[in-house]
Each structure stands twice: as structure tokens, then as C-alpha cells.
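Report on the following structure.
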Amino acid sequence: MDTGTAYGLRLGQPLNELAQVGPGTPYGEVLRRYWHPVAKVEDATTRPISLRVLGEELVLFRTRKGKAGLLHPRCIHRGASLFYGGVEEEGIRCCYHGWVFDTEGHCLEQPCEPELGLHRDRVRQPWYPVEEQYGLIWAYLGPPEKKPVLPRYDTLEELADDEQLIVNDQGVGGGGPAELDFNWLQHWENVMDPFHVPILHARFSGNQFTPEMALIPEVSYEYTPLGVRSIQMRELGDGRQLRRVTEVIFPNLRVVASPKLSSGQTNMIGWVVPMDDTNFRIFTVARDADPDFLAKLRSTHEGKPWKELTDLEHQRLPGDYEAQKSQGAISLHSEDHLTTTDQGIAMIRRMMAKQHRAVAAGGDPVGVSFDEAERLVRIEGGNYFEGAADAPLLADAVDD
Ligand code: FES
Ligand SMILES: [Fe+2]
């Protein structure tokens, strides 16, 4: 008799308590305890734009005085969207009956009411606090009494004379479109999956990065005070070792040094920001002399950019996007078979579960700080070459 057939297959369940991001969901409440990048600073203008962040619809604009505002779109008067509002000196005017709200939702004017609204101070348009840093607009969508300080990151702090900060919201590291259309956790936990690199990105799809990355590494993992780290050792065969360190920092930061192997501490980090349960964006900030550094990082498939691949080429040369999207809109995690090389995945999931239990119990998740003096986050991730220093990189032989 045949065994193991698909007949009666149990479809299984996602780990919803980790994957879901909406208000009131376990990890959604963890995410809401941190600041998130939601747009580039230049996206906040006097023309309002719609944003979806953690399952919430929002409107972003910049007053004529220059202050960025992030408001719930449904006007508290009778519900017209502020997406159609007109931006003024101090706030945004609803198109329907002209109520004006400032960036903190105070109602400044109700033009059809006596004296522009005798009771206008009794209503408030729901809003969120925003800050601007590293060329990004950051928003805090959590409980006001728990608002932490906005972190800074050491690798983005000290720029050499020829360097600048480069900001990218086009899905660097995602291997697909700018807005990725599957659950964010599939992408984030992939950061702790170093074994997919020599398989997916080398053996399967040709060398998408460098010859060093095609070697199967010896990997160790460790918890850090802020997340999980993997240390990947590769013997390069010329007396040198490559020690590549990759990190996840809670709740959604990816610390992945260039797979094209620039040496030393990584010069870029990226935030995996869920729009909702099945869509996310990646905001990346890098420090480099070349303004196109991030755009050039995108892997090519036999020389072709992802956007230009035919259906057959997507199938023949799959990358991160094909692998992770095909896990499902939200992966059915209960059906996974984790093995020794999935230790990093198991560690992330365990640490995530610990955070949502801590938050549900009234505590704080890892890494949030309420002290201005403790804003600086140290980044360890990078590519560290050890051993004979003068040996040329294998990558020198590669035509990029
Ligand atoms: S619905 Fe916005 S002012 Fe009336
Ligand atoms: Fe990858």
C-alpha cells in the first residue's frame, strides 16, 4: 500500500501570535512598543499620502510650517478621509466641512460653526507621534505612557568625509518588488537562515553574490541582549577565514552586511515594516561614498534584474522573493520540520514568544529604552576576514 500520500493532508496553522501585526494581536502589541520607519522624509509633503502600517490606515502630510503629521484618516466629524484634505500652515483641513486638525489631532477650526466651533477643543482627531532621523519618518503606534526614546545606531553615526547616508525603501534584500506581498516574518526570520545562502543563492541560482558565499559555512548562534546573532565561518582555502556576523535586533531590524563582502562592520541596516499581515516594506539606511550603493546591491539573475525575468527565469533562477513568497501569504508554520540548521529560526521564534508574553504581562520587550542616555545601539554584524591579510579576495575574480 502507498504511504505518505497527500490524501487527507492537514493544512496546518500559521504561528499567528508571531506573524500577525494588527492592534490587539500578541506580536502586534510587541511591535507597537517600538518606533518604526514609515516613510522617507521627502514623502511627507503638503500633498497627503496614504500609508498602511501594522494593519492601520494612516495619512501622512507636512504642514506648510514644515511639521510632519500622521493622522487616522477618518475625519472625526463625519468620516470623510483626510487623504482628500488640504494642508495649511498649522494642519490639514477636511474637504467635507472644513474642520482643521493640527499634527497632534487638535481641532483648530470648524468653519460652519459659530465662532469657528465653540466646542472644538472637546474633539480630537486620532494621531500618532512622529520623529525624523536618518532621512526617515519614524512613528510610534503604541501606548503613549510606554513611548520609548528613538534609538540611534552606531554604524550610522560616524561618517567619513566622503560618506553620506543613503536611504532606500525599495525592498533591498527582499529580492522582489518594493512592497513585498507576503507575511513579514518569513522575510525577517530568513535573516537567521545562513544555510539558504550557499543553496538558493549559489548552487541553485548560479552565484548571485560572490564565490565565498557559495561555501557552506560552520555556523553558531547566540542570543544577544537585543535579539539573535549568527556567526558564519568560512575557510577560504588560502589561509584566510571569513567570519560573517548577521543579527536580528528586536522587533524587526535586519543586520545583514553586504553579501558582496565589503569588510568590517556592516555599513547598512534595514527595518522590516509590516503594512499588514500579508504585505511589508523594507527601509534600509546605509553609510557609503557611493549614492547608488544600495541600488547596486540588488542581486541579478544571470545578469538580469528581477523585474525583467520571464516566468521561466523566475522558476529557473529563484531568489529570496520566490522562496519566501511561495511559503504562503502567511506560512503554515505548524507544518515546518525544523532541523539542526534551523536553530536560528527556532531561537527567533522563541524570543518573539517571550516578548509577547512579557508585554501581555505588563512588562517591556527587549531593547526599549526610556533614557535619552541609552539611545545608542551597537551593531556587531559585518564581514570579518581573518588570517593571511595579503591574499586577494576570491571576489576579485568575479565579474559583478
Ligand atoms: S467629515 Fe470632515 S469636516 Fe465633516
Ligand atoms: Fe537570501
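Convention: chains lettered A, B, ... in C-alpha cells order; per-chain residue numbering from 1; ligands numbered from 1 as shown.
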Expected answer as JSON, numbers by chain: residues within 10 Å of ligand 2, only C-alpha atoms and all ligand atoms = {"A": [173, 174, 175, 187, 190, 191, 193, 194, 195, 196, 197, 198, 199, 200, 201, 208, 209, 259, 299, 319, 320, 321, 323, 324]}
request  = Quick one: pick out all strand (DSSP E) residues within segment 139-249 of chain A from a backbone DSSP run and write them as number ranges by chain.
outcome  = A: 139-140, 152-153, 164-168, 179-180, 218-223, 227-235, 240-249
key: Residues within 10 Å of ligand 1, counting only C-alpha atoms and all ligand atoms, as a PyMOL selection string   = chain A and resi 73-82+84-85+93-101+109-112
task = Compare A:Leu141, A:Leu226, A:Leu253, A:Ala6 by their minimum atom-to-atom distance to Glu57 of chain A, counting only C-alpha atoms, and give me the closest one.
result = A:Leu141
request  = Write out as a list in words the residues lying within 7 Å of Ala68 of chain A, counting only C-alpha atoms and excluding same-chain residues fewer than 5 positions away.
outcome  = Ala44, Phe61, Arg62, Thr63 and Thr103 of chain A
Keeping N, CA and C atoms for every residue in the selection just given, could you write it to a file as a PDB file, in the first residue's frame?
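Writing done, so here's again-v3.pdb:
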ATOM      1  N   ALA A  44       6.816  63.136   3.071  1.00  0.00           N
ATOM      2  CA  ALA A  44       5.876  63.964   3.834  1.00  0.00           C
ATOM      3  C   ALA A  44       5.895  65.362   3.234  1.00  0.00           C
ATOM      4  N   PHE A  61       1.369  63.795   6.147  1.00  0.00           N
ATOM      5  CA  PHE A  61       1.485  65.077   5.435  1.00  0.00           C
ATOM      6  C   PHE A  61       2.509  65.928   6.162  1.00  0.00           C
ATOM      7  N   ARG A  62       2.819  67.089   5.575  1.00  0.00           N
ATOM      8  CA  ARG A  62       3.714  68.037   6.235  1.00  0.00           C
ATOM      9  C   ARG A  62       3.063  69.410   6.163  1.00  0.00           C
ATOM     10  N   THR A  63       2.894  70.043   7.305  1.00  0.00           N
ATOM     11  CA  THR A  63       2.245  71.353   7.305  1.00  0.00           C
ATOM     12  C   THR A  63       3.103  72.357   6.537  1.00  0.00           C
ATOM     13  N   THR A 103      -1.033  68.611  13.814  1.00  0.00           N
ATOM     14  CA  THR A 103      -0.339  67.320  13.716  1.00  0.00           C
ATOM     15  C   THR A 103      -0.551  66.455  14.957  1.00  0.00           C
TER      16      THR A 103
END
key: Shortest interatomic distance to Gln133 of chain A - which of A:Asp342, A:Glu247, A:Glu157, A:Glu372, counting only C-alpha atoms   = A:Glu157
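Of the residues listed (A:Tyr223, A:Ala346, A:Ser262, A:Lys146), A:Ser262 shows the shortest atom-to-atom separation from Thr210 of chain A; distances use only C-alpha atoms.
Distance check against Glu386 of chain A using only C-alpha atoms: of A:Ser369, A:Thr300, A:Ser263, A:Gln315, the minimum falls on A:Ser263.
Compared by their closest atoms to Ile231 of chain A, and using only C-alpha atoms, the residues A:Ala178, A:Met192, A:Ala214, A:Ile166 rank with A:Met192 nearest.
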